[in-house]
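J.: Handing you this structure, nothing more for now.
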Amino acid sequence: MLDNIKSTGKKATRDGFGAGIDAISAENDQVVVLTADLAGSLKIQNFIDNYPERYFQIGIAEANMMGIAAGLANGGKIPYTTTFANFSTGRVYDQIRQSIAYSHKNVKICASHAGLTLGEDGATHQILEDLGMMRMLPGMTVINPCDYHQTKAAAIAIAHHDGPVYLRFGRPSWPMFTEDMPFEIGKALHMAEGTDISIFATGHMVWQAVEAAKELAKEGISVDLVNIHTIKPLDEEAILASVQKTGCAVSCEEHNRMGGLGDAIAQVLTSNHPVPQEFVAVNDSFGESGTPAELLDKYGLSVADVVKAAKRALARK
């Protein structure tokens, strides 16, 4: 099963978002799109060309964009807000909390350029706290897809979900490998059966985990590989089923080790089935300028880092 997971090429997850917007907008005329001066970066030009009356260019006024989106939701529309992840969360957290989450507005907060793989724009733009911020908001659904195909599927699926959603994706071209795989909000994707160790990964780190699992297999280590695209609601059943087989776990995320996927999994394990867990994540620091590959290596998110974490967890069984 692991050998069947292969890249069919590279496209950015933000391109998958653009493709998803095209598909869902043709299907549902209640979908409207707002942007804060970043239409090109969010790949929504086709939507603008096809549905100019459903497009709102707010300018560099992200807080205002969230308020307008809340109002559009009150009017029965399904607003998708679009800007970088840093501006989608850190800059407008108060507006999201008060105007969207508190009253459970049907707003889809779509956030590109997340994590270290934003690259050369540096620490001010590479938000690594957003998953934690958003999963702490009551009623907020948090989704972090892994490739072009899964991001396209998520962009379509969230229109059918009633309530606020945070959809996180990225800037760089990235391997595509989930074209024929299902996507369901809140349902983890079991990608490979294994018996020695569970590896749970989200976002760009799913591909790193696939590559690491293949390296571990060469050493006779069997990996149970689970793609956690929905951080909240978390598929606790899938997590527990996996660790009950393997007895140890690694969590992998392009995010601060505090507040994100690793913390969410740790809460499940400590309450239900404690096992050794290792974290592959940024260790309580900001990023810096560099290429995505350089930054993943420097901050401990490389394939080799996943392999090392797996061996540490195995040693603790």
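Convention: chains lettered A, B, ... in structure tokens order; per-chain residue numbering from 1; ligands numbered from 1 as shown.
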Please return as a PyMOL selection string: the residues of range 68-305 of chain A that backbone DSSP assigns to alpha helix (DSSP H).

T.: chain A and resi 68-74+85-89+93-95+130-135+148-157+205-218+236-246+261-272+292-298+303-305

J.: Hey, which bits of range 232-317 of chain A sit within 12 Å of range 137-156 of chain A, and for each residue what's the closest pair of atoms and how far apart in Å (one decimal), counting only C-alpha atoms, rows by chain and increasing number, as a tab-separated table?

T.:
```
residue	atom	partner	partner_atom	distance
A:Lys232	CA	A:Val142	CA	5.0
A:Pro233	CA	A:Thr141	CA	6.3
A:Leu234	CA	A:Val142	CA	9.1
A:Cys252	CA	A:Cys146	CA	11.8
A:Glu253	CA	A:Asn144	CA	9.7
A:Glu254	CA	A:Asn144	CA	10.0
A:His255	CA	A:Asn144	CA	11.0
A:Gly260	CA	A:Val142	CA	10.3
A:Leu261	CA	A:Asn144	CA	10.0
A:Ala264	CA	A:Val142	CA	11.9
```

J.: Restricting the calculation to only C-alpha atoms: of A:Gln30, A:Gly287, A:Ala69, A:Ala281, which residue gets closest to Thr124 in chain A?

T.: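 Going through A:Gln30, A:Gly287, A:Ala69, A:Ala281 one by one, the smallest distance to Thr124 in chain A is for A:Gly287.
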
J.: Mind pulling up the distance from CA of His161 in chain A to CA of Ala73 in chain A?

T.: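 It comes out at 13.0 Å.
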
J.: So which residues touch Phe286 in chain A within 12 Å, counting only C-alpha atoms, skipping near sequence neighbours fewer than 2 positions away, as a list in words?

T.: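 The neighbour list is Gly115, Leu116, Gly122, Ala123, Thr124, His125, Gln126, Ile127, Leu128, Glu129, Glu254, His255, Asn256, Arg257, Ala281, Val282, Asn283, Asp284, Glu288, Ser289, Leu295, Lys298 and Tyr299 of chain A.
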
J.: Using only C-alpha atoms, determine which residues lie at most 6 Å from range 220-230 of chain A, disregarding the query and same-chain residues fewer than 4 positions distant; provide the list as a list in words.

T.: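 The residues satisfying every condition are Val142, Ile143, Asn144, Pro145, Gly186, Ala188, Leu189, His190, Met191, Ala192, Glu193, Gly194, Thr195, Asp196, Ile197, Ser198, Ile199, Phe200, Ala201, Thr202, Ala213 and Leu216 of chain A.
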
J.: If you count only C-alpha atoms, which residues fall within 6 Å of range 290-294 of chain A, apart from same-chain ones fewer than 2 positions away, as a short mmCIF file (atom, residue, chain, number, x, y, z; two decimals) with N, CA and C atoms, in the first residue's frame?

T.:
```
data_model
loop_
_atom_site.label_atom_id
_atom_site.label_comp_id
_atom_site.auth_asym_id
_atom_site.auth_seq_id
_atom_site.Cartn_x
_atom_site.Cartn_y
_atom_site.Cartn_z
N THR A 117 7.16 27.05 4.62
CA THR A 117 7.33 26.93 3.18
C THR A 117 6.88 28.16 2.41
N GLY A 119 8.67 30.58 2.69
CA GLY A 119 10.03 30.79 2.19
C GLY A 119 10.60 32.15 2.44
N GLU A 120 11.00 32.82 1.36
CA GLU A 120 11.85 34.01 1.46
C GLU A 120 11.17 35.21 2.09
N LEU A 296 12.80 23.81 6.00
CA LEU A 296 12.33 22.54 6.56
C LEU A 296 13.49 21.77 7.18
N ASP A 297 14.65 21.82 6.54
CA ASP A 297 15.83 21.14 7.10
C ASP A 297 16.28 21.80 8.39
#
```

J.: Determine the nearest neighbour of Gly90 in chain A from the options A:Ala111, A:Asn28, A:His273, A:Ser103, counting only C-alpha atoms.

T.: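 Of A:Ala111, A:Asn28, A:His273, A:Ser103, the one nearest Gly90 in chain A, counting only C-alpha atoms, is A:Ala111.
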
J.: Rank A:Glu278, A:Glu179, A:Glu219, A:Asp29 by their smallest atom-to-atom distance to Gly9 in chain A, using only C-alpha atoms, and report the top residue only.

T.: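 Result for the nearest residue to Gly9 in chain A: A:Glu179.
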
J.: Would you please work out which residue, of A:Ala212, A:Ala249, A:Ile60, A:Val280, is nearest to Ala304 in chain A when using only C-alpha atoms?

T.: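 Ranking A:Ala212, A:Ala249, A:Ile60, A:Val280 by distance to Ala304 in chain A, first place goes to A:Ala212.
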
J.: Choose the residue, out of A:Arg168, A:Arg91, A:Lys187, A:Lys108, that has the smallest atom-to-atom separation from Leu131 in chain A; count only C-alpha atoms.

T.: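 Nearest candidate to Leu131 in chain A out of A:Arg168, A:Arg91, A:Lys187, A:Lys108: A:Arg168.
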
J.: Near Arg97 in chain A, within 12 Å and counting only C-alpha atoms, which residues show up once chain neighbours fewer than 4 positions away are dropped, as a list in words?

T.: Ala63, Met66, Gly67, Ala70, Thr89, Gly90, Arg91, Val92, Tyr93, Ala101, Tyr102, Ser103, His104, Lys105, Val107, Met133, Met134, Arg135, Met136, Leu137, Pro138, Gly139, Met140 and Pro164 of chain A

J.: To one decimal place, how far is CA of Lys11 in chain A from CA of Gln45 in chain A in Å?

T.: 16.9 Å

J.: Have a look at A:Leu72, A:Ala85, A:Val303, A:Leu118 and name the one nearest to Ser99 in chain A; count only C-alpha atoms.

T.: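 Going through A:Leu72, A:Ala85, A:Val303, A:Leu118 one by one, the smallest distance to Ser99 in chain A is for A:Leu72.
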
J.: Could you tell me how far CA of Ile158 in chain A sits from CA of Gly18 in chain A, in Å to one decimal place?

T.: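 CA of Ile158 in chain A lies at a distance of 13.7 Å from CA of Gly18 in chain A.
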
J.: Write down as a list in words the residues belonging to range 200-293 of chain A that are assigned strand (DSSP E or B) by DSSP computed on the backbone.

T.: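 Secondary structure check on range 200-293 of chain A, strand (DSSP E or B): Phe200, Ala201, Val223, Asp224, Leu225, Val226, Asn227, Thr230, Ile231, Lys232, Ala249, Val250, Ser251, Cys252, Glu253, Glu254, His255, Asn256, Gln277, Glu278, Phe279, Val280, Ala281 and Val282 of chain A.
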